[in-house]
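Take a look at the structure below.
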Amino acid sequence: MAETYPNHPGAKGKGITRATSEAAADAVAPNVSHLRNLALHTLERLGDATPLEACEAANLPRESLQPRFSELQRMGFVEPTGERRRNPSGKSAAVLRLTEKARMRLAGGEA
């Protein structure tokens, strides 16, 4: 991986697990810009939402879209509202919203 997170998808783990995670990150990298844009547009349409709510609304698998929200948060495009909601699994999840930086980008401004 020549680029670093969040510009390039992240990888976790150690040893063989790390190698597998890096391979998965490299595989999604060509599509990551498109997926991030989908995440932003979905959150714009929904307003405040958890990442899983956005995945469902976008009709995309969790594995494709949920990690983009962590990247977008690190990039300053989404932020937690402070609210939490239960996922279908029963676990509590942070509710996210677009930042002003994201709204400017979606409106065609620089960001």
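All residue names refer to the structure tokens as shown: chains lettered A, B, ... in order, residues numbered from 1 in each chain, ligands numbered from 1 in order.
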
Determine, using only C-alpha atoms, which residues of range 54-90 of chain A have any atom at most 9 Å from an atom of range 99-105 of chain A, and tabulate each with its shortest atom pair and distance in Å to one decimal place, rows ordered by chain and then rising number, as JSON lines.
{"residue": "A:Gly76", "atom": "CA", "partner": "A:Lys101", "partner_atom": "CA", "distance": 7.0}
{"residue": "A:Phe77", "atom": "CA", "partner": "A:Ala102", "partner_atom": "CA", "distance": 4.7}
{"residue": "A:Val78", "atom": "CA", "partner": "A:Thr99", "partner_atom": "CA", "distance": 5.2}
{"residue": "A:Glu79", "atom": "CA", "partner": "A:Thr99", "partner_atom": "CA", "distance": 6.4}

When you look at Leu72 in chain A with a cut-off of 12 Å (counting only C-alpha atoms), what residues show up, excluding the ones that are within fewer than 5 positions of it in the same chain? I need them as a PDB file with C-alpha atoms, in the first residue's frame.
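Result saved to selection11.pdb:
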ATOM      1  CA  TYR A   5      -5.497   5.751   5.549  1.00  0.00           C
ATOM      2  CA  PRO A   6      -7.979   7.378   5.081  1.00  0.00           C
ATOM      3  CA  ASN A   7      -6.991   8.142   1.481  1.00  0.00           C
ATOM      4  CA  HIS A   8      -6.512   4.423   0.922  1.00  0.00           C
ATOM      5  CA  PRO A   9      -8.774   1.849   2.607  1.00  0.00           C
ATOM      6  CA  VAL A  32     -13.485   3.579  -2.916  1.00  0.00           C
ATOM      7  CA  SER A  33     -14.100   7.074  -4.316  1.00  0.00           C
ATOM      8  CA  LEU A  35     -18.415   4.179  -2.632  1.00  0.00           C
ATOM      9  CA  ARG A  36     -17.586   7.242  -0.533  1.00  0.00           C
ATOM     10  CA  ASN A  37     -19.722   9.394  -2.822  1.00  0.00           C
ATOM     11  CA  LEU A  38     -22.571   6.900  -2.503  1.00  0.00           C
ATOM     12  CA  ALA A  39     -22.214   7.022   1.278  1.00  0.00           C
ATOM     13  CA  LEU A  40     -22.339  10.827   1.277  1.00  0.00           C
ATOM     14  CA  LEU A  43     -26.569  10.211   4.201  1.00  0.00           C
ATOM     15  CA  PRO A  51     -23.862   3.279   8.892  1.00  0.00           C
ATOM     16  CA  LEU A  65     -20.147   0.763   2.566  1.00  0.00           C
ATOM     17  CA  GLN A  66     -19.750   0.724   6.347  1.00  0.00           C
ATOM     18  CA  PRO A  67     -15.933   1.158   6.289  1.00  0.00           C
ATOM     19  CA  PHE A  77     -17.061  14.747   5.931  1.00  0.00           C
ATOM     20  CA  VAL A  78     -19.247  13.016   8.530  1.00  0.00           C
ATOM     21  CA  GLU A  79     -19.543  13.363  12.291  1.00  0.00           C
ATOM     22  CA  PRO A  80     -21.463  11.678  15.090  1.00  0.00           C
ATOM     23  CA  LEU A  96     -23.887  10.136  11.810  1.00  0.00           C
ATOM     24  CA  ARG A  97     -24.579  13.363   9.921  1.00  0.00           C
ATOM     25  CA  LEU A  98     -22.879  15.286   7.155  1.00  0.00           C
ATOM     26  CA  THR A  99     -20.515  18.080   8.114  1.00  0.00           C
ATOM     27  CA  LYS A 101     -17.462  20.410   4.538  1.00  0.00           C
ATOM     28  CA  ALA A 102     -19.463  17.510   3.061  1.00  0.00           C
TER      29      ALA A 102
END

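With only C-alpha atoms as the basis for measurement, A:Gly47 is the residue among A:Pro61, A:Gly10, A:Gly109, A:Gly47 that approaches Thr81 in chain A most closely.
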
Using DSSP on the backbone, list every residue of chain A that comes out as strand (DSSP E), and give them as a CSV table (one decimal) with C-alpha atoms, in the first residue's frame.
chain,number,residue,atom,x,y,z
A,78,VAL,CA,-19.2,13.0,8.5
A,79,GLU,CA,-19.5,13.4,12.3
A,80,PRO,CA,-21.5,11.7,15.1
A,81,THR,CA,-24.6,13.4,16.3
A,82,GLY,CA,-24.2,12.1,19.8
A,83,GLU,CA,-27.2,9.9,19.4
A,84,ARG,CA,-27.1,6.1,19.3
A,85,ARG,CA,-29.6,3.6,17.8
A,86,ARG,CA,-29.8,-0.2,18.0
A,92,SER,CA,-25.8,0.2,19.8
A,93,ALA,CA,-24.5,2.3,16.8
A,94,ALA,CA,-23.5,5.9,16.4
A,95,VAL,CA,-25.8,8.1,14.4
A,96,LEU,CA,-23.9,10.1,11.8
A,97,ARG,CA,-24.6,13.4,9.9
A,98,LEU,CA,-22.9,15.3,7.2

Which of chain A fall in helix (DSSP H, G or I), as a ChimeraX atom specification: /A:15-46,51-58,62-74,100-106

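Of the residues under consideration (A:Ala107, A:Thr4, A:Arg68, A:Gly13), A:Arg68 shows the shortest atom-to-atom contact distance to Cys55 in chain A when counting only C-alpha atoms.
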
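In this model, the gap between CA of Glu44 in chain A and CA of Ala11 in chain A comes to 27.3 Å.
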
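Closest approach to Arg45 in chain A among A:Phe69, A:Gly90, A:Ala29, A:Ala58: A:Ala58, based on only C-alpha atoms.
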
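In this structure, CA of Thr42 in chain A sits 15.0 Å away from CA of Ser70 in chain A.
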
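Restricting the calculation to only C-alpha atoms, the smallest distance between Ala54 in chain A and any of A:Gly15, A:His41, A:Pro30, A:Lys91 is found for A:His41.
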